[in-house]
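Worksheet for the structure shown next.
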Amino acid sequence: MDTGDTAWVLTSAALVLLMTPGLAFFYGGMVRSKSVLNMMMMSLGAMAVVGVLWVLFGYSMAFGGDVGGGLLGKPFEFFGLDGLLAADSLFGKIPSTVFVAFQAMFAIITVALISGAIADRARFGPWLLFAGLWATIVYFPVAHWVFDFDGKDDAGNVIDPGGWIANKLLAIDFAGGTAVHINAGAAGLALAIVLGKRVGWPKEPMKPHSLPLVVLGAGLLWFGWFGFNAGSALGANGTAGVTFVNTIVATCAAMLGWLLIERIRDGKATTLGAASGVIAGLVAITPACSAVTPIGAIAIGAITGVLCALAVSLKYRFGFDDSLDVVGVHLVGGLAGTILIGFFASDAAPAKVNGLFYGGGFDQLWRQAVGAFAVLGYSFVLSLALGYLVKFTVGFRASEEAEVASIDESEHAERAYEYGSLTSARGTGKPSVAAGATAVLEGSNKK
């Protein structure tokens with residue numbers, strides 16, 4: 001065991017966990033005030049459901065012994081983390097439980113990302129049911145495909161085969177462009193179709209109720225993303241340093257790309273656009289951060305910022321109500337970042353692969369495309385099926401009355417903001433401010 005690597009991965013796991021409350025702020029600020037709690041609760045609910053399932057059988061499905069040609073790990077090999085708690089149980093140079101914790105945070109944030117596509121109209125209980133089913137049937141197997149690398153002996157012989165995308169296809173996805181973002185984006189598209197449009201969309205304006213919350217959420221996500229990307233090096237080493245720098249510059253370039261499109265198209269660069277550009281850049285560099293130089297990272301970030309800024313309008317063209325642009329940012333951004341590796345990968349980066357622009361031909365490009373679209377297709381089809389299953393069994397969507405009035409009150413019996421009367425201290429006998437205002441209004445009405 002290397003204590004430095006262990007400390008870094010533990011720290012990174014905590015950073016990645018922070019991303020889910022950050023996502024709750026980001027999504028919560030983007031919805032209307034009457035549904036902010038429901039939006040935030042869907043992120044918190046994902047933490048609860050997926051955290052339990054991951055320890056019970058999720059980790060085993062993702063990283064247990066392969067049972068199907070790289071498609072799935074043994075579901076009960078490490079049930080309840082059996083066999084992983086011993087002091088000498090290691091994953092590389094870190095304790096097995098540290099790796100379990102780190103990967104748990106990936107599973108949680110992936111499920112939470114989906115919820116933005118169905119903001120303002122999903123019931124909380126059915127969402128939790130869908131989250132558990134989707135994590136089990138979609139995320140855990142895909143995590144095995146992408147993140148579970150072959151275990152080899154000292155002679156280089158495979159003794160513990162892993163997932164097909166990582167080991168047979170040899171597509172590069174350092175921290176989850178396919179397993180996290182394409183996966184969640186495709187599921188978001190499926191659920192937007194299943195639940196249908198919000199009442200009044202797209203005719204009624206549905207603007208963010210709190211841009212400061214959006215910026216706060218984006219900042220927390222960016223902060224946590226350093227654990228997401230640099231932590232995936234699984235050590236305090238040079239790879240972590242390269243991925244850290246690439247995460248900085250790609251995100252900055254994506255923000256500039258998004259704001260440029262807004263300036264050209266709309267005449268103004270917006271706060272929401274800046275925050276959205278940040279997320280687009282983070283999404284795009286996630287799969288590529290170990291495979292490109294900082295110059296390549298800037299190119300990938302700028303291209304993705306432009307593409308995502310244009311892609312968010314697709315929902316109006318095709319008529320699906322992706323409330324918070326999960327498709328436009330995570331699906332499109334994930335596809336861009338994954339496929340652009342085939343162009344910008346450089347053997348000067350830790351992955352040691354050359355893309356088309358660095359003399360590598362089309363070899364890595366086709367591998368990236370196959371991996372990306374395989375995950376997209378698998379996730380979309382199964383998410384659509386699971387969404388309809390929940391819809392036709394327990395009901396997924398809130399009633400129209402609840403949606404129009406306040407889904408926060410109908411689902412959680414709470415409101416994010418209380419605009420009650422301002423009263424004087426109890427027992428003073430002085431009239432309240434609200435009472436005085438009411439008296440003035442009543443007098444005015446009588447006149």
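By convention here, the chains of the structure tokens are called A, B, ... in the order presented, each chain's residues are numbered starting at 1, and ligands are numbered starting at 1 in the order presented.
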Can you build me a table of range 31-148 of chain A residues sitting at most 12 Å from range 3-9 of chain A, with the closest atom pair per residue and its distance in Å to one decimal, using only C-alpha atoms, sorted by chain and residue number, as CSV?
```
residue,atom,partner,partner_atom,distance
A:Leu90,CA,A:Thr6,CA,10.5
A:Phe91,CA,A:Thr6,CA,10.3
A:Gly92,CA,A:Asp5,CA,9.9
A:Lys93,CA,A:Asp5,CA,7.2
A:Ile94,CA,A:Thr6,CA,5.1
A:Pro95,CA,A:Thr6,CA,7.2
A:Ser96,CA,A:Thr6,CA,10.1
A:Thr97,CA,A:Thr6,CA,10.3
A:Val98,CA,A:Val9,CA,7.0
A:Phe99,CA,A:Val9,CA,7.6
A:Val100,CA,A:Val9,CA,10.6
A:Ala101,CA,A:Val9,CA,9.1
A:Phe102,CA,A:Val9,CA,6.9
A:Gln103,CA,A:Val9,CA,10.2
A:Met105,CA,A:Val9,CA,11.7
```
Take the residues that were just selected and, keeping all heavy atoms, output them as a compact mmCIF listing (two decimals), in the first residue's frame.
```txt
# COMPACT_ATOMS: atom_id res chain seq x y z
N LEU A 90 -5.92 -5.18 -1.46
CA LEU A 90 -5.51 -3.98 -2.18
C LEU A 90 -6.06 -3.97 -3.60
O LEU A 90 -6.27 -5.01 -4.22
CB LEU A 90 -3.98 -3.89 -2.25
CG LEU A 90 -3.22 -3.81 -0.94
CD1 LEU A 90 -1.72 -3.77 -1.21
CD2 LEU A 90 -3.64 -2.59 -0.12
N PHE A 91 -6.28 -2.75 -4.11
CA PHE A 91 -6.55 -2.53 -5.52
C PHE A 91 -5.39 -1.71 -6.04
O PHE A 91 -5.32 -0.50 -5.82
CB PHE A 91 -7.87 -1.79 -5.72
CG PHE A 91 -8.32 -1.73 -7.16
CD1 PHE A 91 -9.22 -2.64 -7.66
CD2 PHE A 91 -7.80 -0.76 -8.02
CE1 PHE A 91 -9.63 -2.58 -8.98
CE2 PHE A 91 -8.20 -0.71 -9.34
CZ PHE A 91 -9.12 -1.62 -9.83
N GLY A 92 -4.45 -2.36 -6.69
CA GLY A 92 -3.21 -1.69 -7.04
C GLY A 92 -2.43 -1.37 -5.79
O GLY A 92 -2.07 -2.27 -5.02
N LYS A 93 -2.20 -0.08 -5.53
CA LYS A 93 -1.45 0.34 -4.35
C LYS A 93 -2.30 1.01 -3.29
O LYS A 93 -1.79 1.66 -2.38
CB LYS A 93 -0.32 1.29 -4.78
CG LYS A 93 0.74 0.64 -5.65
CD LYS A 93 1.85 1.63 -5.97
CE LYS A 93 2.93 0.98 -6.83
NZ LYS A 93 4.04 1.94 -7.13
N ILE A 94 -3.63 0.88 -3.43
CA ILE A 94 -4.53 1.48 -2.44
C ILE A 94 -5.45 0.39 -1.88
O ILE A 94 -5.69 -0.64 -2.53
CB ILE A 94 -5.38 2.61 -3.07
CG1 ILE A 94 -6.30 2.05 -4.17
CG2 ILE A 94 -4.49 3.72 -3.60
CD1 ILE A 94 -7.25 3.08 -4.76
N PRO A 95 -5.96 0.56 -0.66
CA PRO A 95 -6.89 -0.43 -0.10
C PRO A 95 -8.12 -0.60 -0.99
O PRO A 95 -8.61 0.37 -1.59
CB PRO A 95 -7.26 0.17 1.26
CG PRO A 95 -6.12 1.07 1.61
CD PRO A 95 -5.65 1.64 0.30
N SER A 96 -8.62 -1.80 -1.05
CA SER A 96 -9.79 -2.08 -1.89
C SER A 96 -10.97 -1.21 -1.50
O SER A 96 -11.73 -0.73 -2.36
CB SER A 96 -10.18 -3.56 -1.77
OG SER A 96 -9.15 -4.39 -2.27
N THR A 97 -11.14 -0.98 -0.20
CA THR A 97 -12.28 -0.17 0.24
C THR A 97 -12.17 1.28 -0.23
O THR A 97 -13.19 1.94 -0.45
CB THR A 97 -12.40 -0.19 1.77
OG1 THR A 97 -11.11 0.11 2.35
CG2 THR A 97 -12.87 -1.55 2.26
N VAL A 98 -10.96 1.78 -0.40
CA VAL A 98 -10.79 3.14 -0.91
C VAL A 98 -11.23 3.21 -2.36
O VAL A 98 -11.91 4.16 -2.78
CB VAL A 98 -9.32 3.58 -0.76
CG1 VAL A 98 -9.09 4.94 -1.42
CG2 VAL A 98 -8.93 3.64 0.71
N PHE A 99 -10.88 2.20 -3.15
CA PHE A 99 -11.34 2.16 -4.54
C PHE A 99 -12.86 2.00 -4.61
O PHE A 99 -13.51 2.63 -5.45
CB PHE A 99 -10.65 1.01 -5.28
CG PHE A 99 -11.01 0.93 -6.74
CD1 PHE A 99 -10.53 1.87 -7.64
CD2 PHE A 99 -11.85 -0.07 -7.22
CE1 PHE A 99 -10.87 1.81 -8.99
CE2 PHE A 99 -12.19 -0.13 -8.55
CZ PHE A 99 -11.69 0.81 -9.44
N VAL A 100 -13.42 1.18 -3.73
CA VAL A 100 -14.88 1.02 -3.67
C VAL A 100 -15.54 2.37 -3.43
O VAL A 100 -16.52 2.74 -4.10
CB VAL A 100 -15.27 0.03 -2.56
CG1 VAL A 100 -16.78 0.06 -2.33
CG2 VAL A 100 -14.83 -1.38 -2.92
N ALA A 101 -15.02 3.12 -2.46
CA ALA A 101 -15.61 4.41 -2.12
C ALA A 101 -15.50 5.39 -3.28
O ALA A 101 -16.45 6.12 -3.60
CB ALA A 101 -14.92 4.98 -0.88
N PHE A 102 -14.34 5.42 -3.93
CA PHE A 102 -14.13 6.33 -5.05
C PHE A 102 -15.12 6.05 -6.17
O PHE A 102 -15.77 6.96 -6.70
CB PHE A 102 -12.69 6.20 -5.54
CG PHE A 102 -12.33 7.12 -6.68
CD1 PHE A 102 -12.31 8.50 -6.50
CD2 PHE A 102 -12.01 6.61 -7.93
CE1 PHE A 102 -11.97 9.35 -7.55
CE2 PHE A 102 -11.67 7.45 -8.97
CZ PHE A 102 -11.66 8.82 -8.79
N GLN A 103 -15.25 4.78 -6.54
CA GLN A 103 -16.15 4.43 -7.64
C GLN A 103 -17.62 4.59 -7.26
O GLN A 103 -18.47 4.83 -8.12
CB GLN A 103 -15.88 3.00 -8.09
CG GLN A 103 -14.62 2.84 -8.92
CD GLN A 103 -14.74 3.51 -10.28
OE1 GLN A 103 -15.82 3.69 -10.82
NE2 GLN A 103 -13.60 3.91 -10.85
N MET A 105 -18.89 7.08 -5.78
CA MET A 105 -19.26 8.47 -6.06
C MET A 105 -19.58 8.67 -7.54
O MET A 105 -20.43 9.49 -7.90
CB MET A 105 -18.15 9.42 -5.63
CG MET A 105 -17.66 9.23 -4.20
SD MET A 105 -19.01 9.04 -3.00
CE MET A 105 -18.08 8.61 -1.54
```
Within 8 Å of Glu403 in chain A using only C-alpha atoms, minus same-chain residues under 3 positions, as an MDAnalysis selection string: chainID A and resid 120:121 199 398:400 406:407
Residues from the last selection, N, CA, C and O atoms, saved as an mmCIF file, in the first residue's frame:
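Saved as result10.cif:
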```cif
data_model
loop_
_atom_site.group_PDB
_atom_site.id
_atom_site.type_symbol
_atom_site.label_atom_id
_atom_site.label_comp_id
_atom_site.auth_asym_id
_atom_site.auth_seq_id
_atom_site.Cartn_x
_atom_site.Cartn_y
_atom_site.Cartn_z
ATOM 1 N N ASP A 120 -39.330 19.535 -12.796
ATOM 2 C CA ASP A 120 -40.639 20.197 -12.686
ATOM 3 C C ASP A 120 -41.827 19.265 -12.803
ATOM 4 O O ASP A 120 -42.969 19.721 -12.674
ATOM 5 N N ARG A 121 -41.624 17.969 -13.053
ATOM 6 C CA ARG A 121 -42.813 17.148 -13.330
ATOM 7 C C ARG A 121 -42.726 15.704 -12.870
ATOM 8 O O ARG A 121 -43.655 14.912 -13.120
ATOM 9 N N VAL A 199 -46.219 21.322 -18.445
ATOM 10 C CA VAL A 199 -47.409 22.120 -18.751
ATOM 11 C C VAL A 199 -46.963 23.520 -19.176
ATOM 12 O O VAL A 199 -46.238 24.207 -18.460
ATOM 13 N N ALA A 398 -46.086 13.723 -11.995
ATOM 14 C CA ALA A 398 -46.995 14.399 -11.077
ATOM 15 C C ALA A 398 -48.246 14.829 -11.819
ATOM 16 O O ALA A 398 -48.250 14.985 -13.049
ATOM 17 N N SER A 399 -49.328 15.035 -11.073
ATOM 18 C CA SER A 399 -50.563 15.494 -11.692
ATOM 19 C C SER A 399 -50.379 16.903 -12.229
ATOM 20 O O SER A 399 -49.505 17.654 -11.787
ATOM 21 N N GLU A 400 -51.220 17.275 -13.179
ATOM 22 C CA GLU A 400 -51.145 18.615 -13.748
ATOM 23 C C GLU A 400 -51.395 19.670 -12.678
ATOM 24 O O GLU A 400 -50.736 20.719 -12.659
ATOM 25 N N SER A 406 -47.483 23.616 -7.193
ATOM 26 C CA SER A 406 -46.148 23.499 -6.621
ATOM 27 C C SER A 406 -45.842 22.030 -6.380
ATOM 28 O O SER A 406 -46.427 21.411 -5.483
ATOM 29 N N ILE A 407 -44.917 21.494 -7.155
ATOM 30 C CA ILE A 407 -44.550 20.097 -6.959
ATOM 31 C C ILE A 407 -43.797 19.921 -5.645
ATOM 32 O O ILE A 407 -43.802 18.841 -5.048
#
```
List the neighbours of Leu384 in chain A out to 12 Å using only C-alpha atoms; skip same-chain residues closer than 4 positions along the sequence, and give me the result as a PDB file with all heavy atoms, in the first residue's frame.
```pdb
ATOM      1  N   PHE A 130     -36.996   4.260 -10.184  1.00  0.00           N
ATOM      2  CA  PHE A 130     -36.265   4.263 -11.454  1.00  0.00           C
ATOM      3  C   PHE A 130     -34.761   4.312 -11.210  1.00  0.00           C
ATOM      4  O   PHE A 130     -33.987   3.615 -11.873  1.00  0.00           O
ATOM      5  CB  PHE A 130     -36.686   5.454 -12.315  1.00  0.00           C
ATOM      6  CG  PHE A 130     -35.870   5.590 -13.572  1.00  0.00           C
ATOM      7  CD1 PHE A 130     -36.210   4.873 -14.712  1.00  0.00           C
ATOM      8  CD2 PHE A 130     -34.750   6.414 -13.611  1.00  0.00           C
ATOM      9  CE1 PHE A 130     -35.443   4.969 -15.871  1.00  0.00           C
ATOM     10  CE2 PHE A 130     -33.983   6.529 -14.763  1.00  0.00           C
ATOM     11  CZ  PHE A 130     -34.321   5.799 -15.895  1.00  0.00           C
ATOM     12  N   TRP A 134     -32.336   1.608 -12.739  1.00  0.00           N
ATOM     13  CA  TRP A 134     -31.402   2.043 -13.774  1.00  0.00           C
ATOM     14  C   TRP A 134     -29.959   1.792 -13.360  1.00  0.00           C
ATOM     15  O   TRP A 134     -29.137   1.347 -14.167  1.00  0.00           O
ATOM     16  CB  TRP A 134     -31.601   3.535 -14.064  1.00  0.00           C
ATOM     17  CG  TRP A 134     -30.838   4.007 -15.264  1.00  0.00           C
ATOM     18  CD1 TRP A 134     -31.253   3.967 -16.563  1.00  0.00           C
ATOM     19  CD2 TRP A 134     -29.525   4.596 -15.281  1.00  0.00           C
ATOM     20  NE1 TRP A 134     -30.283   4.488 -17.392  1.00  0.00           N
ATOM     21  CE2 TRP A 134     -29.221   4.880 -16.642  1.00  0.00           C
ATOM     22  CE3 TRP A 134     -28.606   4.908 -14.299  1.00  0.00           C
ATOM     23  CZ2 TRP A 134     -27.998   5.472 -17.020  1.00  0.00           C
ATOM     24  CZ3 TRP A 134     -27.395   5.493 -14.675  1.00  0.00           C
ATOM     25  CH2 TRP A 134     -27.103   5.764 -16.016  1.00  0.00           C
ATOM     26  N   VAL A 138     -28.441  -0.701 -15.915  1.00  0.00           N
ATOM     27  CA  VAL A 138     -27.696   0.078 -16.911  1.00  0.00           C
ATOM     28  C   VAL A 138     -26.309   0.473 -16.404  1.00  0.00           C
ATOM     29  O   VAL A 138     -25.293   0.102 -16.992  1.00  0.00           O
ATOM     30  CB  VAL A 138     -28.479   1.330 -17.351  1.00  0.00           C
ATOM     31  CG1 VAL A 138     -27.688   2.118 -18.395  1.00  0.00           C
ATOM     32  CG2 VAL A 138     -29.841   0.939 -17.911  1.00  0.00           C
ATOM     33  N   ALA A 186     -28.184   9.850 -22.505  1.00  0.00           N
ATOM     34  CA  ALA A 186     -29.121   9.002 -23.253  1.00  0.00           C
ATOM     35  C   ALA A 186     -30.332   8.653 -22.393  1.00  0.00           C
ATOM     36  O   ALA A 186     -31.473   8.629 -22.876  1.00  0.00           O
ATOM     37  CB  ALA A 186     -28.415   7.734 -23.722  1.00  0.00           C
ATOM     38  N   ALA A 187     -30.092   8.385 -21.107  1.00  0.00           N
ATOM     39  CA  ALA A 187     -31.201   8.092 -20.201  1.00  0.00           C
ATOM     40  C   ALA A 187     -32.096   9.313 -20.022  1.00  0.00           C
ATOM     41  O   ALA A 187     -33.330   9.196 -19.954  1.00  0.00           O
ATOM     42  CB  ALA A 187     -30.662   7.633 -18.848  1.00  0.00           C
ATOM     43  N   GLY A 188     -31.487  10.503 -19.951  1.00  0.00           N
ATOM     44  CA  GLY A 188     -32.273  11.726 -19.842  1.00  0.00           C
ATOM     45  C   GLY A 188     -33.177  11.931 -21.041  1.00  0.00           C
ATOM     46  O   GLY A 188     -34.340  12.324 -20.907  1.00  0.00           O
ATOM     47  N   LEU A 189     -32.666  11.652 -22.236  1.00  0.00           N
ATOM     48  CA  LEU A 189     -33.478  11.761 -23.446  1.00  0.00           C
ATOM     49  C   LEU A 189     -34.645  10.786 -23.396  1.00  0.00           C
ATOM     50  O   LEU A 189     -35.790  11.139 -23.724  1.00  0.00           O
ATOM     51  CB  LEU A 189     -32.610  11.488 -24.674  1.00  0.00           C
ATOM     52  CG  LEU A 189     -33.325  11.452 -26.020  1.00  0.00           C
ATOM     53  CD1 LEU A 189     -34.017  12.776 -26.312  1.00  0.00           C
ATOM     54  CD2 LEU A 189     -32.339  11.106 -27.143  1.00  0.00           C
ATOM     55  N   ALA A 190     -34.377   9.566 -22.964  1.00  0.00           N
ATOM     56  CA  ALA A 190     -35.442   8.558 -22.884  1.00  0.00           C
ATOM     57  C   ALA A 190     -36.532   8.992 -21.906  1.00  0.00           C
ATOM     58  O   ALA A 190     -37.736   8.897 -22.210  1.00  0.00           O
ATOM     59  CB  ALA A 190     -34.846   7.212 -22.470  1.00  0.00           C
ATOM     60  N   LEU A 191     -36.147   9.485 -20.737  1.00  0.00           N
ATOM     61  CA  LEU A 191     -37.151   9.889 -19.747  1.00  0.00           C
ATOM     62  C   LEU A 191     -37.913  11.127 -20.169  1.00  0.00           C
ATOM     63  O   LEU A 191     -39.101  11.276 -19.846  1.00  0.00           O
ATOM     64  CB  LEU A 191     -36.492  10.121 -18.392  1.00  0.00           C
ATOM     65  CG  LEU A 191     -36.053   8.887 -17.610  1.00  0.00           C
ATOM     66  CD1 LEU A 191     -35.735   9.251 -16.169  1.00  0.00           C
ATOM     67  CD2 LEU A 191     -37.110   7.789 -17.639  1.00  0.00           C
ATOM     68  N   ALA A 192     -37.263  12.041 -20.886  1.00  0.00           N
ATOM     69  CA  ALA A 192     -37.977  13.208 -21.396  1.00  0.00           C
ATOM     70  C   ALA A 192     -39.086  12.775 -22.340  1.00  0.00           C
ATOM     71  O   ALA A 192     -40.174  13.384 -22.376  1.00  0.00           O
ATOM     72  CB  ALA A 192     -37.003  14.149 -22.103  1.00  0.00           C
ATOM     73  N   ILE A 193     -38.835  11.728 -23.109  1.00  0.00           N
ATOM     74  CA  ILE A 193     -39.856  11.187 -24.011  1.00  0.00           C
ATOM     75  C   ILE A 193     -40.963  10.502 -23.213  1.00  0.00           C
ATOM     76  O   ILE A 193     -42.156  10.675 -23.487  1.00  0.00           O
ATOM     77  CB  ILE A 193     -39.210  10.206 -25.004  1.00  0.00           C
ATOM     78  CG1 ILE A 193     -38.259  10.955 -25.945  1.00  0.00           C
ATOM     79  CG2 ILE A 193     -40.278   9.458 -25.805  1.00  0.00           C
ATOM     80  CD1 ILE A 193     -37.416  10.052 -26.823  1.00  0.00           C
ATOM     81  N   VAL A 194     -40.584   9.728 -22.198  1.00  0.00           N
ATOM     82  CA  VAL A 194     -41.558   8.983 -21.398  1.00  0.00           C
ATOM     83  C   VAL A 194     -42.491   9.924 -20.639  1.00  0.00           C
ATOM     84  O   VAL A 194     -43.714   9.739 -20.636  1.00  0.00           O
ATOM     85  CB  VAL A 194     -40.837   8.042 -20.418  1.00  0.00           C
ATOM     86  CG1 VAL A 194     -41.828   7.428 -19.429  1.00  0.00           C
ATOM     87  CG2 VAL A 194     -40.110   6.932 -21.179  1.00  0.00           C
ATOM     88  N   LEU A 195     -41.934  10.945 -19.991  1.00  0.00           N
ATOM     89  CA  LEU A 195     -42.764  11.826 -19.166  1.00  0.00           C
ATOM     90  C   LEU A 195     -43.482  12.907 -19.962  1.00  0.00           C
ATOM     91  O   LEU A 195     -44.489  13.446 -19.507  1.00  0.00           O
ATOM     92  CB  LEU A 195     -41.917  12.493 -18.076  1.00  0.00           C
ATOM     93  CG  LEU A 195     -41.862  11.728 -16.753  1.00  0.00           C
ATOM     94  CD1 LEU A 195     -41.040  10.453 -16.890  1.00  0.00           C
ATOM     95  CD2 LEU A 195     -41.301  12.590 -15.647  1.00  0.00           C
ATOM     96  N   LEU A 376     -24.457   4.643 -25.776  1.00  0.00           N
ATOM     97  CA  LEU A 376     -25.648   5.453 -26.067  1.00  0.00           C
ATOM     98  C   LEU A 376     -26.850   4.557 -26.377  1.00  0.00           C
ATOM     99  O   LEU A 376     -27.933   4.733 -25.803  1.00  0.00           O
ATOM    100  CB  LEU A 376     -25.368   6.380 -27.249  1.00  0.00           C
ATOM    101  CG  LEU A 376     -26.367   7.499 -27.556  1.00  0.00           C
ATOM    102  CD1 LEU A 376     -25.720   8.551 -28.454  1.00  0.00           C
ATOM    103  CD2 LEU A 376     -27.641   6.997 -28.233  1.00  0.00           C
ATOM    104  N   GLY A 377     -26.667   3.599 -27.272  1.00  0.00           N
ATOM    105  CA  GLY A 377     -27.776   2.736 -27.663  1.00  0.00           C
ATOM    106  C   GLY A 377     -28.281   1.887 -26.512  1.00  0.00           C
ATOM    107  O   GLY A 377     -29.496   1.752 -26.293  1.00  0.00           O
ATOM    108  N   TYR A 378     -27.352   1.278 -25.764  1.00  0.00           N
ATOM    109  CA  TYR A 378     -27.730   0.426 -24.639  1.00  0.00           C
ATOM    110  C   TYR A 378     -28.514   1.219 -23.599  1.00  0.00           C
ATOM    111  O   TYR A 378     -29.576   0.802 -23.136  1.00  0.00           O
ATOM    112  CB  TYR A 378     -26.463  -0.162 -24.019  1.00  0.00           C
ATOM    113  CG  TYR A 378     -26.692  -1.058 -22.828  1.00  0.00           C
ATOM    114  CD1 TYR A 378     -27.079  -2.382 -22.990  1.00  0.00           C
ATOM    115  CD2 TYR A 378     -26.516  -0.587 -21.525  1.00  0.00           C
ATOM    116  CE1 TYR A 378     -27.279  -3.216 -21.899  1.00  0.00           C
ATOM    117  CE2 TYR A 378     -26.712  -1.405 -20.430  1.00  0.00           C
ATOM    118  CZ  TYR A 378     -27.092  -2.718 -20.620  1.00  0.00           C
ATOM    119  OH  TYR A 378     -27.295  -3.536 -19.528  1.00  0.00           O
ATOM    120  N   SER A 379     -27.983   2.383 -23.235  1.00  0.00           N
ATOM    121  CA  SER A 379     -28.629   3.190 -22.213  1.00  0.00           C
ATOM    122  C   SER A 379     -29.986   3.704 -22.667  1.00  0.00           C
ATOM    123  O   SER A 379     -30.967   3.656 -21.911  1.00  0.00           O
ATOM    124  CB  SER A 379     -27.726   4.368 -21.833  1.00  0.00           C
ATOM    125  OG  SER A 379     -28.343   5.172 -20.853  1.00  0.00           O
ATOM    126  N   PHE A 380     -30.083   4.184 -23.898  1.00  0.00           N
ATOM    127  CA  PHE A 380     -31.348   4.753 -24.366  1.00  0.00           C
ATOM    128  C   PHE A 380     -32.458   3.706 -24.397  1.00  0.00           C
ATOM    129  O   PHE A 380     -33.565   3.942 -23.908  1.00  0.00           O
ATOM    130  CB  PHE A 380     -31.175   5.366 -25.753  1.00  0.00           C
ATOM    131  CG  PHE A 380     -32.447   5.947 -26.314  1.00  0.00           C
ATOM    132  CD1 PHE A 380     -32.926   7.166 -25.860  1.00  0.00           C
ATOM    133  CD2 PHE A 380     -33.187   5.256 -27.269  1.00  0.00           C
ATOM    134  CE1 PHE A 380     -34.116   7.697 -26.349  1.00  0.00           C
ATOM    135  CE2 PHE A 380     -34.369   5.776 -27.765  1.00  0.00           C
ATOM    136  CZ  PHE A 380     -34.839   7.002 -27.299  1.00  0.00           C
ATOM    137  N   TYR A 388     -40.939   3.501 -19.005  1.00  0.00           N
ATOM    138  CA  TYR A 388     -42.326   3.087 -19.259  1.00  0.00           C
ATOM    139  C   TYR A 388     -42.805   2.086 -18.212  1.00  0.00           C
ATOM    140  O   TYR A 388     -43.984   2.080 -17.828  1.00  0.00           O
ATOM    141  CB  TYR A 388     -42.462   2.498 -20.658  1.00  0.00           C
ATOM    142  CG  TYR A 388     -42.589   3.558 -21.737  1.00  0.00           C
ATOM    143  CD1 TYR A 388     -41.668   3.645 -22.773  1.00  0.00           C
ATOM    144  CD2 TYR A 388     -43.644   4.472 -21.719  1.00  0.00           C
ATOM    145  CE1 TYR A 388     -41.774   4.615 -23.762  1.00  0.00           C
ATOM    146  CE2 TYR A 388     -43.763   5.452 -22.703  1.00  0.00           C
ATOM    147  CZ  TYR A 388     -42.833   5.516 -23.723  1.00  0.00           C
ATOM    148  OH  TYR A 388     -42.934   6.481 -24.694  1.00  0.00           O
ATOM    149  N   LEU A 389     -41.907   1.222 -17.738  1.00  0.00           N
ATOM    150  CA  LEU A 389     -42.277   0.277 -16.686  1.00  0.00           C
ATOM    151  C   LEU A 389     -42.732   1.013 -15.433  1.00  0.00           C
ATOM    152  O   LEU A 389     -43.782   0.693 -14.851  1.00  0.00           O
ATOM    153  CB  LEU A 389     -41.076  -0.621 -16.360  1.00  0.00           C
ATOM    154  CG  LEU A 389     -41.266  -1.590 -15.187  1.00  0.00           C
ATOM    155  CD1 LEU A 389     -42.339  -2.624 -15.514  1.00  0.00           C
ATOM    156  CD2 LEU A 389     -39.950  -2.283 -14.836  1.00  0.00           C
ATOM    157  N   VAL A 390     -41.969   2.011 -15.016  1.00  0.00           N
ATOM    158  CA  VAL A 390     -42.350   2.788 -13.839  1.00  0.00           C
ATOM    159  C   VAL A 390     -43.622   3.576 -14.111  1.00  0.00           C
ATOM    160  O   VAL A 390     -44.526   3.647 -13.261  1.00  0.00           O
ATOM    161  CB  VAL A 390     -41.199   3.727 -13.432  1.00  0.00           C
ATOM    162  CG1 VAL A 390     -41.637   4.673 -12.320  1.00  0.00           C
ATOM    163  CG2 VAL A 390     -39.973   2.928 -12.999  1.00  0.00           C
ATOM    164  N   LYS A 391     -43.727   4.144 -15.295  1.00  0.00           N
ATOM    165  CA  LYS A 391     -44.897   4.957 -15.645  1.00  0.00           C
ATOM    166  C   LYS A 391     -46.186   4.145 -15.579  1.00  0.00           C
ATOM    167  O   LYS A 391     -47.204   4.623 -15.044  1.00  0.00           O
ATOM    168  CB  LYS A 391     -44.711   5.531 -17.048  1.00  0.00           C
ATOM    169  CG  LYS A 391     -45.885   6.356 -17.550  1.00  0.00           C
ATOM    170  CD  LYS A 391     -45.620   6.907 -18.943  1.00  0.00           C
ATOM    171  CE  LYS A 391     -46.798   7.719 -19.455  1.00  0.00           C
ATOM    172  NZ  LYS A 391     -46.533   8.295 -20.808  1.00  0.00           N
TER     173      LYS A 391
END
```
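Minimum atom-to-atom distances from A:Leu10, A:Leu282, A:Leu128, A:Ile114 to Phe396 in chain A were compared using only C-alpha atoms, and the lowest value belongs to A:Leu128.
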Per-residue nearest contacts of range 243-290 of chain A to range 339-355 of chain A (12 Å; only C-alpha atoms) as CSV:
```
residue,atom,partner,partner_atom,distance
A:Thr243,CA,A:Pro350,CA,9.0
A:Val245,CA,A:Ala349,CA,11.7
A:Asn246,CA,A:Ala349,CA,10.4
A:Ala284,CA,A:Leu340,CA,8.9
A:Ile285,CA,A:Ile341,CA,9.4
A:Thr286,CA,A:Ile341,CA,10.8
A:Pro287,CA,A:Ile341,CA,8.1
A:Ala288,CA,A:Ile341,CA,5.9
A:Cys289,CA,A:Ala349,CA,8.7
A:Ser290,CA,A:Pro350,CA,5.5
```
List the neighbours of range 42-55 of chain A out to 8 Å using only C-alpha atoms; skip same-chain residues closer than 6 positions along the sequence, and give me the result as a PyMOL selection string. chain A and resi 20-21+23-24+79-81+104+107-109+111-113+115+124+127-128+131-132+135-136
Compile the contact shell of Phe223 in chain A as a list of chain:residue names: residues with an atom at most 10 Å away, counting only C-alpha atoms, same-chain residues fewer than 5 positions apart removed. A:Leu15, A:Val16, A:Leu18, A:Met19, A:Gly22, A:Gly217, A:Ala218, A:Phe228
Please list as JSON, numbers by chain every residue within 9 Å of Ala309 in chain A, counting only C-alpha atoms and excluding residues in the same chain fewer than 6 positions away. {"A": [257, 258, 259, 261, 262, 273, 276, 277, 280, 328, 329]}
